[in-house]
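S.K.: Contents of upload-v1.txt (compact mmCIF, C-alpha atoms and all ligand atoms):
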# COMPACT_ATOMS: atom_id res chain seq x y z
CA MET X 1 134.02 86.52 119.73
CA SER X 2 134.58 88.81 116.73
CA THR X 3 134.88 85.74 114.47
CA PHE X 4 131.53 84.57 115.77
CA VAL X 5 129.93 87.98 115.08
CA GLY X 6 131.48 88.08 111.58
CA ARG X 7 130.19 84.58 110.84
CA PHE X 8 126.72 85.55 112.11
CA PHE X 9 126.48 88.58 109.81
CA ARG X 10 127.87 86.63 106.83
CA GLN X 11 125.21 84.00 107.43
CA LEU X 12 122.52 86.72 107.71
CA ARG X 13 123.64 88.25 104.39
CA HIS X 14 123.61 84.82 102.78
CA LEU X 15 120.07 84.13 104.05
CA ARG X 16 118.85 87.55 102.90
CA ARG X 17 120.21 86.98 99.38
CA ALA X 18 118.66 83.53 99.24
CA ALA X 19 115.32 84.97 100.35
CA GLN X 20 115.56 87.74 97.77
CA ARG X 21 116.27 85.19 95.04
CA ALA X 22 113.19 83.31 96.21
CA GLY X 23 111.16 86.50 95.86
CA VAL X 24 110.77 87.16 99.56
CA THR X 25 111.35 90.69 100.81
CA THR X 26 113.11 90.34 104.15
CA PHE X 27 113.85 94.03 104.69
CA ALA X 28 111.72 95.73 107.33
CA LEU X 29 110.62 98.45 104.92
CA GLY X 30 108.52 101.37 106.19
CA ALA X 31 105.78 99.82 104.04
CA ALA X 32 105.51 97.96 100.76
CA GLY X 33 102.63 96.96 98.50
CA SER X 34 102.35 93.75 96.50
CA ASN X 35 104.64 92.48 93.74
CA VAL X 36 107.74 94.31 94.92
CA ASN X 37 110.89 92.73 93.48
CA ILE X 38 114.28 93.66 94.87
CA ALA X 39 117.23 92.26 92.92
CA ASP X 40 120.50 90.99 94.33
CA GLY X 41 122.95 93.48 95.77
CA VAL X 42 120.45 96.23 96.58
CA GLU X 43 121.50 98.23 99.63
CA ILE X 44 118.91 100.14 101.63
CA GLY X 45 119.73 102.35 104.58
CA SER X 46 117.60 102.85 106.63
CA THR X 47 114.91 100.45 105.54
CA SER X 48 112.25 101.88 107.86
CA ASN X 49 112.47 105.17 105.92
CA VAL X 50 111.63 103.54 102.58
CA PHE X 51 108.01 103.25 101.41
CA ILE X 52 107.21 101.35 98.24
CA GLY X 53 103.91 100.93 96.38
CA SER X 54 102.84 97.92 94.31
CA ASP X 55 104.35 96.49 91.10
CA VAL X 56 107.83 97.82 91.69
CA PHE X 57 111.14 96.48 90.41
CA ILE X 58 114.42 97.57 91.99
CA GLY X 59 117.34 96.47 89.85
CA ARG X 60 120.60 94.86 90.82
CA ASP X 61 122.99 96.87 93.01
CA CYS X 62 120.73 99.89 93.48
CA TRP X 63 121.55 102.03 96.49
CA LEU X 64 118.70 103.66 98.40
CA SER X 65 120.21 105.95 100.98
CA ALA X 66 117.55 107.10 103.42
CA ALA X 67 119.37 107.38 106.73
CA ALA X 68 117.68 110.59 107.90
CA ALA X 69 114.94 111.29 105.32
CA LYS X 70 112.36 109.22 103.52
CA ILE X 71 112.23 107.66 100.07
CA ARG X 72 108.69 107.22 98.76
CA ILE X 73 108.35 105.13 95.65
CA GLY X 74 104.92 104.88 94.04
CA SER X 75 103.44 102.01 92.04
CA GLN X 76 104.47 100.58 88.66
CA VAL X 77 108.00 101.92 89.05
CA MET X 78 111.18 100.38 87.62
CA LEU X 79 114.67 101.22 88.77
CA ALA X 80 117.34 99.83 86.42
CA PRO X 81 120.55 98.41 87.91
CA GLU X 82 122.88 100.61 89.94
CA VAL X 83 120.49 103.50 90.42
CA ALA X 84 121.31 105.60 93.48
CA ILE X 85 118.78 107.61 95.44
CA ILE X 86 120.56 109.78 97.94
CA THR X 87 118.46 111.75 100.45
CA GLY X 88 121.32 113.38 102.32
CA ASP X 89 124.32 115.68 102.02
CA HIS X 90 127.03 116.26 104.58
CA THR X 91 127.22 119.67 106.20
CA PHE X 92 129.98 121.48 104.33
CA ARG X 93 129.26 125.22 104.75
CA ARG X 94 129.57 125.67 108.52
CA PRO X 95 132.95 127.04 109.54
CA GLY X 96 134.34 125.09 112.46
CA VAL X 97 132.31 121.97 111.68
CA SER X 98 134.09 119.11 109.98
CA MET X 99 132.16 117.38 107.20
CA PHE X 100 132.99 114.16 109.00
CA ASP X 101 130.84 115.24 111.99
CA ALA X 102 127.65 113.68 110.64
CA HIS X 103 125.86 114.22 113.98
CA LEU X 104 126.17 118.00 113.48
CA LYS X 105 124.22 117.99 110.22
CA SER X 106 121.47 120.58 109.64
CA PRO X 107 117.89 119.45 109.01
CA GLU X 108 118.01 120.78 105.44
CA ASP X 109 120.93 118.45 104.67
CA ASP X 110 118.46 115.56 104.53
CA GLN X 111 115.32 115.79 102.41
CA ASP X 112 112.78 113.25 101.21
CA VAL X 113 112.83 111.91 97.65
CA VAL X 114 109.52 111.04 96.00
CA ILE X 115 109.20 108.90 92.91
CA GLU X 116 105.62 109.00 91.71
CA ASP X 117 103.76 106.23 89.87
CA ASP X 118 104.64 104.82 86.44
CA VAL X 119 108.27 105.96 86.38
CA TRP X 120 111.24 104.27 84.69
CA VAL X 121 114.71 105.19 85.97
CA GLY X 122 117.58 104.26 83.62
CA MET X 123 120.77 102.51 84.60
CA ARG X 124 123.18 104.29 86.93
CA ALA X 125 121.01 107.37 87.31
CA ILE X 126 121.55 109.32 90.53
CA ILE X 127 118.65 111.12 92.20
CA LEU X 128 119.63 113.64 94.83
CA LYS X 129 117.92 114.89 97.98
CA GLY X 130 114.59 116.70 97.91
CA ILE X 131 113.68 115.61 94.37
CA THR X 132 110.21 114.67 93.20
CA VAL X 133 110.16 112.58 90.06
CA GLY X 134 106.80 113.29 88.46
CA ARG X 135 104.30 110.66 87.48
CA GLY X 136 104.90 108.88 84.20
CA SER X 137 108.39 110.23 83.61
CA VAL X 138 111.56 108.58 82.32
CA ILE X 139 115.09 109.24 83.61
CA GLY X 140 117.84 108.45 81.11
CA ALA X 141 120.77 106.20 81.89
CA GLY X 142 123.53 107.97 83.79
CA ALA X 143 121.48 111.09 84.58
CA VAL X 144 122.19 113.11 87.70
CA VAL X 145 118.84 114.51 88.78
CA THR X 146 119.20 117.80 90.63
CA HIS X 147 115.75 119.35 89.97
CA ASP X 148 112.21 118.03 90.13
CA VAL X 149 111.20 116.05 87.06
CA PRO X 150 107.93 117.19 85.45
CA PRO X 151 105.26 114.51 84.92
CA TYR X 152 105.51 112.60 81.63
CA SER X 153 108.86 114.12 80.69
CA VAL X 154 112.03 112.34 79.58
CA VAL X 155 115.10 113.76 81.31
CA ALA X 156 118.74 112.89 80.69
CA GLY X 157 122.29 114.14 81.22
CA VAL X 158 124.34 115.73 83.96
CA PRO X 159 122.62 117.70 85.35
CA ALA X 160 119.44 116.12 84.04
CA LYS X 161 117.36 118.27 81.67
CA VAL X 162 114.15 117.57 79.82
CA VAL X 163 115.19 116.10 76.46
CA ALA X 164 111.76 114.89 75.31
CA HIS X 165 108.15 114.39 76.32
CA ARG X 166 106.78 110.93 76.67
CA PHE X 167 103.32 111.76 75.32
CA THR X 168 101.28 114.54 73.76
CA ASP X 169 98.67 116.15 76.05
CA GLU X 170 95.98 114.07 74.37
CA GLU X 171 97.98 110.88 74.91
CA ILE X 172 98.48 111.81 78.58
CA ALA X 173 94.71 112.09 79.01
CA THR X 174 94.20 108.68 77.35
CA HIS X 175 96.96 107.14 79.45
CA GLU X 176 95.70 108.64 82.74
CA GLN X 177 92.18 107.42 82.01
CA ALA X 178 93.47 103.92 81.23
CA LEU X 179 95.74 103.65 84.26
CA TYR X 180 93.98 105.70 86.92
CA GLY X 181 90.38 105.98 85.74
CA LYS X 182 89.52 102.92 87.75
CA ARG X 183 91.96 103.16 90.64
CA ILE X 184 93.99 105.78 92.49
CA THR X 185 97.47 104.38 92.79
CA ALA X 186 98.91 107.26 94.80
CA ALA X 187 96.98 105.73 97.68
CA SER X 188 98.32 102.24 97.02
CA PRO X 189 99.47 100.36 100.11
CA GLY X 190 102.80 101.65 101.27
CA TYR X 191 102.79 104.83 99.22
CA LYS X 192 102.05 106.95 102.28
CA ASP X 193 102.86 106.25 105.88
CA ASP X 194 100.25 108.63 107.27
C1 LIG X 201 116.35 108.54 77.67
C2 LIG X 201 116.05 107.35 76.73
C3 LIG X 201 114.88 106.55 77.31
C4 LIG X 201 115.71 107.80 75.33
O1 LIG X 201 114.60 108.66 75.32
P1 LIG X 201 114.10 109.35 73.94
O2 LIG X 201 112.93 110.23 74.25
O3 LIG X 201 113.91 108.27 72.92
O4 LIG X 201 115.32 110.28 73.61
P2 LIG X 201 116.21 110.37 72.28
O5 LIG X 201 116.96 109.10 72.09
O6 LIG X 201 115.35 110.88 71.17
O7 LIG X 201 117.24 111.49 72.69
C5 LIG X 201 116.87 112.83 72.90
C6 LIG X 201 118.16 113.60 73.22
O8 LIG X 201 118.63 113.20 74.52
C7 LIG X 201 119.93 112.63 74.41
N1 LIG X 201 119.97 111.47 75.33
C8 LIG X 201 119.20 110.35 75.28
N2 LIG X 201 119.50 109.54 76.29
C9 LIG X 201 120.49 110.14 76.98
C10 LIG X 201 121.20 109.78 78.13
N3 LIG X 201 120.97 108.64 78.80
N4 LIG X 201 122.13 110.65 78.60
C11 LIG X 201 122.38 111.81 77.96
N5 LIG X 201 121.71 112.21 76.86
C12 LIG X 201 120.78 111.37 76.37
C13 LIG X 201 120.07 112.21 72.97
O9 LIG X 201 121.41 112.19 72.58
C14 LIG X 201 119.28 113.29 72.27
O10 LIG X 201 120.07 114.47 72.22
P3 LIG X 201 120.22 115.27 70.81
O11 LIG X 201 118.82 115.69 70.47
O12 LIG X 201 121.14 116.39 71.17
O13 LIG X 201 120.76 114.27 69.88
C15 LIG X 201 117.30 106.42 76.59
O14 LIG X 201 118.32 107.14 75.90
C16 LIG X 201 117.85 105.93 77.90
O15 LIG X 201 118.70 106.52 78.56
N6 LIG X 201 117.33 104.74 78.30
C17 LIG X 201 117.67 104.08 79.53
C18 LIG X 201 118.13 102.64 79.20
C19 LIG X 201 118.43 101.87 80.45
O16 LIG X 201 119.02 102.36 81.41
N7 LIG X 201 117.99 100.65 80.48
C20 LIG X 201 118.19 99.82 81.65
C21 LIG X 201 117.45 98.54 81.52
S1 LIG X 201 115.88 98.65 82.37
Would it be possible to restate this file's structure as structure tokens?
M.R.:
Amino acid sequence: MSTFVGRFFRQLRHLRRAAQRAGVTTFALGAAGSNVNIADGVEIGSTSNVFIGSDVFIGRDCWLSAAAAKIRIGSQVMLAPEVAIITGDHTFRRPGVSMFDAHLKSPEDDQDVVIEDDVWVGMRAIILKGITVGRGSVIGAGAVVTHDVPPYSVVAGVPAKVVAHRFTDEEIATHEQALYGKRITAASPGYKDD
């Protein structure tokens, strides 16, 4: 029996990878827009808590951990390989409660992560619970993001700090007009579930 179940899941994984290679998204995501590409090896848990806009690339071996909170990814977003988005901590400050007892977690242990439009996340960056990554920003390779990222900033390091600005104020205005003057991408399909 267990061999049969193992074979079934192996076959399911194989089919999912084949479908991904063919450009078909087989995950039952909370919602997703058009042109969403999910590379091989991406793990998403739980898929129904993940909302993705349009024109999104999720690189090889990314890990989107959304077991008890939501991940909302906007439009025109790129996640480089091995990026981790982690919406939850274990409870570790309650005397008498083992960290292993995941069912005794507090609500604040799990918080949504929002990645706004036009964001590039560098390889192996880690984004922790409750973070909003502001529109137009860049996260450097290997960063550990522990605070919200201001729009159009470049953050890097552990913990991530602003190391540069992507544009001048004037350039931001030009950019916003060019990208959003004609369309509001925060309302793109899949960006919001309500
Ligand atoms: C962040 C990044 C985009 C460069 O941005 P930038 O505005 O050109 O920044 P600079 O190179 O001028 O660096 C600014 C400062 O941040 C530091 N810095 C840059 N990238 C860093 C990183 N990933 N981690 C830690 N510090 C970094 C630089 O050393 C520099 O510090 P200093 O002023 O003390 O010398 C680039 O370094 C990076 O990490 N790119 C991601 C590449 C990647 O993951 N590609 C995957 C394929 S899609």
S.K.: Can you tell me how far CA of Ala67 (chain X) sits from CA of Val162 (chain X), in Å to one decimal?
M.R.: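 Atom-to-atom, CA of Ala67 (chain X) to CA of Val162 (chain X), that is 29.2 Å.
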S.K.: What are the closest atom pairs, with distances in Å to one decimal, for each residue of chain X lying within 6 Å of ligand LIG 201 (chain X), using only C-alpha atoms and all ligand atoms, rows by chain and rising residue number, as JSON lines?
M.R.:
{"residue": "X:Ala80", "atom": "CA", "partner": "X:LIG201", "partner_atom": "S1", "distance": 4.5}
{"residue": "X:Gly122", "atom": "CA", "partner": "X:LIG201", "partner_atom": "O16", "distance": 3.3}
{"residue": "X:Met123", "atom": "CA", "partner": "X:LIG201", "partner_atom": "O16", "distance": 3.6}
{"residue": "X:Gly140", "atom": "CA", "partner": "X:LIG201", "partner_atom": "O15", "distance": 3.3}
{"residue": "X:Ala141", "atom": "CA", "partner": "X:LIG201", "partner_atom": "O15", "distance": 3.9}
{"residue": "X:Gly142", "atom": "CA", "partner": "X:LIG201", "partner_atom": "N3", "distance": 5.6}
{"residue": "X:Val154", "atom": "CA", "partner": "X:LIG201", "partner_atom": "O2", "distance": 5.8}
{"residue": "X:Ala156", "atom": "CA", "partner": "X:LIG201", "partner_atom": "N4", "distance": 4.6}
{"residue": "X:Gly157", "atom": "CA", "partner": "X:LIG201", "partner_atom": "C11", "distance": 4.0}
{"residue": "X:Val163", "atom": "CA", "partner": "X:LIG201", "partner_atom": "O8", "distance": 4.9}
{"residue": "X:Ala164", "atom": "CA", "partner": "X:LIG201", "partner_atom": "O2", "distance": 4.9}
S.K.: For CA of Gly74 (chain X) and CA of Ile52 (chain X), quote the distance in Å rounded to one decimal.
M.R.: 5.9 Å
S.K.: Would you mind listing what lies within 8 Å of region 42-50 of chain X as a PyMOL selection string, with only C-alpha atoms counted and same-chain residues fewer than 4 positions away left out?
M.R.: chain X and resi 27-31+38+58-73
S.K.: Where's the centre, and what are the edge lengths in Å to one decimal, of a box along x, y and z enclosing all listed atoms of region 131-141 of chain X padded 6 Å per side, as lines of an AutoDock Vina configuration file?
M.R.:
center_x = 112.5
center_y = 110.9
center_z = 87.7
size_x = 28.5
size_y = 21.4
size_z = 25.3
S.K.: Mind pulling up the distance from CA of Asp110 (chain X) to CA of Ala125 (chain X)?
M.R.: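 Atom-to-atom, CA of Ala125 (chain X) to CA of Asp110 (chain X), that is 19.2 Å.
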S.K.: Find the residues around Glu108 (chain X) up to 10 Å (all atoms listed in the file counted), leave out those fewer than 3 positions away in its own chain, and share them as a list of chain:residue names.
M.R.: X:Ala69, X:Gly88, X:Asp89, X:Thr91, X:Lys105, X:Gln111, X:Lys129, X:Gly130
S.K.: X:Arg124, X:His103, X:Met78, X:Val119: which is nearest Ser153 (chain X), counting only C-alpha atoms?
M.R.: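 Of the candidates, the smallest distance to Ser153 (chain X) is held by X:Val119.
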S.K.: Show which residues sit within 10 Å of Thr146 (chain X), as a PyMOL selection string. Count only C-alpha atoms, and ignore same-chain residues fewer than 6 positions away.
M.R.: chain X and resi 126-132+158-161
S.K.: Identify, on the basis of all atoms listed in the file, every residue whose closest approach to Trp120 (chain X) does not exceed 9 Å; exclude the query and any residue fewer than 6 positions from it along the same chain; express the result as an mmCIF file with C-alpha atoms, keeping the file's coordinate frame.
M.R.:
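Result written to result-v1.cif:
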data_model
loop_
_atom_site.group_PDB
_atom_site.id
_atom_site.type_symbol
_atom_site.label_atom_id
_atom_site.label_comp_id
_atom_site.auth_asym_id
_atom_site.auth_seq_id
_atom_site.Cartn_x
_atom_site.Cartn_y
_atom_site.Cartn_z
ATOM 1 C CA GLN X 76 104.470 100.580 88.660
ATOM 2 C CA VAL X 77 108.000 101.920 89.050
ATOM 3 C CA MET X 78 111.180 100.380 87.620
ATOM 4 C CA LEU X 79 114.670 101.220 88.770
ATOM 5 C CA ALA X 80 117.340 99.830 86.420
ATOM 6 C CA GLY X 136 104.900 108.880 84.200
ATOM 7 C CA SER X 137 108.390 110.230 83.610
ATOM 8 C CA VAL X 138 111.560 108.580 82.320
ATOM 9 C CA ILE X 139 115.090 109.240 83.610
ATOM 10 C CA GLY X 140 117.840 108.450 81.110
#
S.K.: Counting all atoms listed in the file, which residue out of X:Val36, X:Ala102, X:Ala173, X:Val113 sits closest to Thr87 (chain X)?
M.R.: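 Looking at the shortest contact to Thr87 (chain X), the residue is X:Val113.
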S.K.: Which residue is closest to Phe51 (chain X)? Choose from X:Ile86, X:Ser106, X:Ala32, X:Ile172 and count all atoms listed in the file.
M.R.: X:Ala32
S.K.: My structure is short of atoms at region 130-150 of chain X; please model N, CA and C atoms there, returning them as an mmCIF file, keeping the file's coordinate frame.
M.R.:
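result.cif, written as the output of this step:
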data_model
loop_
_atom_site.group_PDB
_atom_site.id
_atom_site.type_symbol
_atom_site.label_atom_id
_atom_site.label_comp_id
_atom_site.auth_asym_id
_atom_site.auth_seq_id
_atom_site.Cartn_x
_atom_site.Cartn_y
_atom_site.Cartn_z
ATOM 1 N N GLY X 130 115.654 115.729 98.103
ATOM 2 C CA GLY X 130 114.590 116.700 97.910
ATOM 3 C C GLY X 130 113.865 116.627 96.572
ATOM 4 N N ILE X 131 114.231 115.670 95.736
ATOM 5 C CA ILE X 131 113.680 115.610 94.370
ATOM 6 C C ILE X 131 112.345 114.882 94.350
ATOM 7 N N THR X 132 111.415 115.412 93.536
ATOM 8 C CA THR X 132 110.210 114.670 93.200
ATOM 9 C C THR X 132 110.268 114.321 91.723
ATOM 10 N N VAL X 133 110.171 113.039 91.455
ATOM 11 C CA VAL X 133 110.160 112.580 90.060
ATOM 12 C C VAL X 133 108.693 112.386 89.679
ATOM 13 N N GLY X 134 108.231 113.231 88.767
ATOM 14 C CA GLY X 134 106.800 113.290 88.460
ATOM 15 C C GLY X 134 106.275 112.037 87.794
ATOM 16 N N ARG X 135 104.993 111.827 88.000
ATOM 17 C CA ARG X 135 104.300 110.660 87.480
ATOM 18 C C ARG X 135 104.546 110.460 85.990
ATOM 19 N N GLY X 136 104.802 109.230 85.616
ATOM 20 C CA GLY X 136 104.900 108.880 84.200
ATOM 21 C C GLY X 136 106.188 109.287 83.511
ATOM 22 N N SER X 137 107.180 109.734 84.275
ATOM 23 C CA SER X 137 108.390 110.230 83.610
ATOM 24 C C SER X 137 109.455 109.147 83.444
ATOM 25 N N VAL X 138 110.444 109.496 82.613
ATOM 26 C CA VAL X 138 111.560 108.580 82.320
ATOM 27 C C VAL X 138 112.860 109.320 82.632
ATOM 28 N N ILE X 139 113.773 108.648 83.324
ATOM 29 C CA ILE X 139 115.090 109.240 83.610
ATOM 30 C C ILE X 139 116.125 108.446 82.828
ATOM 31 N N GLY X 140 116.871 109.122 81.973
ATOM 32 C CA GLY X 140 117.840 108.450 81.110
ATOM 33 C C GLY X 140 118.977 107.832 81.897
ATOM 34 N N ALA X 141 119.622 106.863 81.269
ATOM 35 C CA ALA X 141 120.770 106.200 81.890
ATOM 36 C C ALA X 141 121.843 107.243 82.224
ATOM 37 N N GLY X 142 122.410 107.116 83.400
ATOM 38 C CA GLY X 142 123.530 107.970 83.790
ATOM 39 C C GLY X 142 123.171 109.387 84.186
ATOM 40 N N ALA X 143 121.880 109.713 84.238
ATOM 41 C CA ALA X 143 121.480 111.090 84.580
ATOM 42 C C ALA X 143 121.813 111.386 86.039
ATOM 43 N N VAL X 144 122.104 112.655 86.314
ATOM 44 C CA VAL X 144 122.190 113.110 87.700
ATOM 45 C C VAL X 144 121.052 114.113 87.883
ATOM 46 N N VAL X 145 120.077 113.720 88.676
ATOM 47 C CA VAL X 145 118.840 114.510 88.780
ATOM 48 C C VAL X 145 118.966 115.480 89.943
ATOM 49 N N THR X 146 119.000 116.767 89.614
ATOM 50 C CA THR X 146 119.200 117.800 90.630
ATOM 51 C C THR X 146 117.981 118.710 90.775
ATOM 52 N N HIS X 147 116.994 118.569 89.878
ATOM 53 C CA HIS X 147 115.750 119.350 89.970
ATOM 54 C C HIS X 147 114.575 118.400 89.810
ATOM 55 N N ASP X 148 113.411 118.855 90.292
ATOM 56 C CA ASP X 148 112.210 118.030 90.130
ATOM 57 C C ASP X 148 111.994 117.695 88.659
ATOM 58 N N VAL X 149 111.448 116.506 88.432
ATOM 59 C CA VAL X 149 111.200 116.050 87.060
ATOM 60 C C VAL X 149 109.714 116.208 86.764
ATOM 61 N N PRO X 150 109.348 116.993 85.740
ATOM 62 C CA PRO X 150 107.930 117.190 85.450
ATOM 63 C C PRO X 150 107.264 115.889 84.995
#
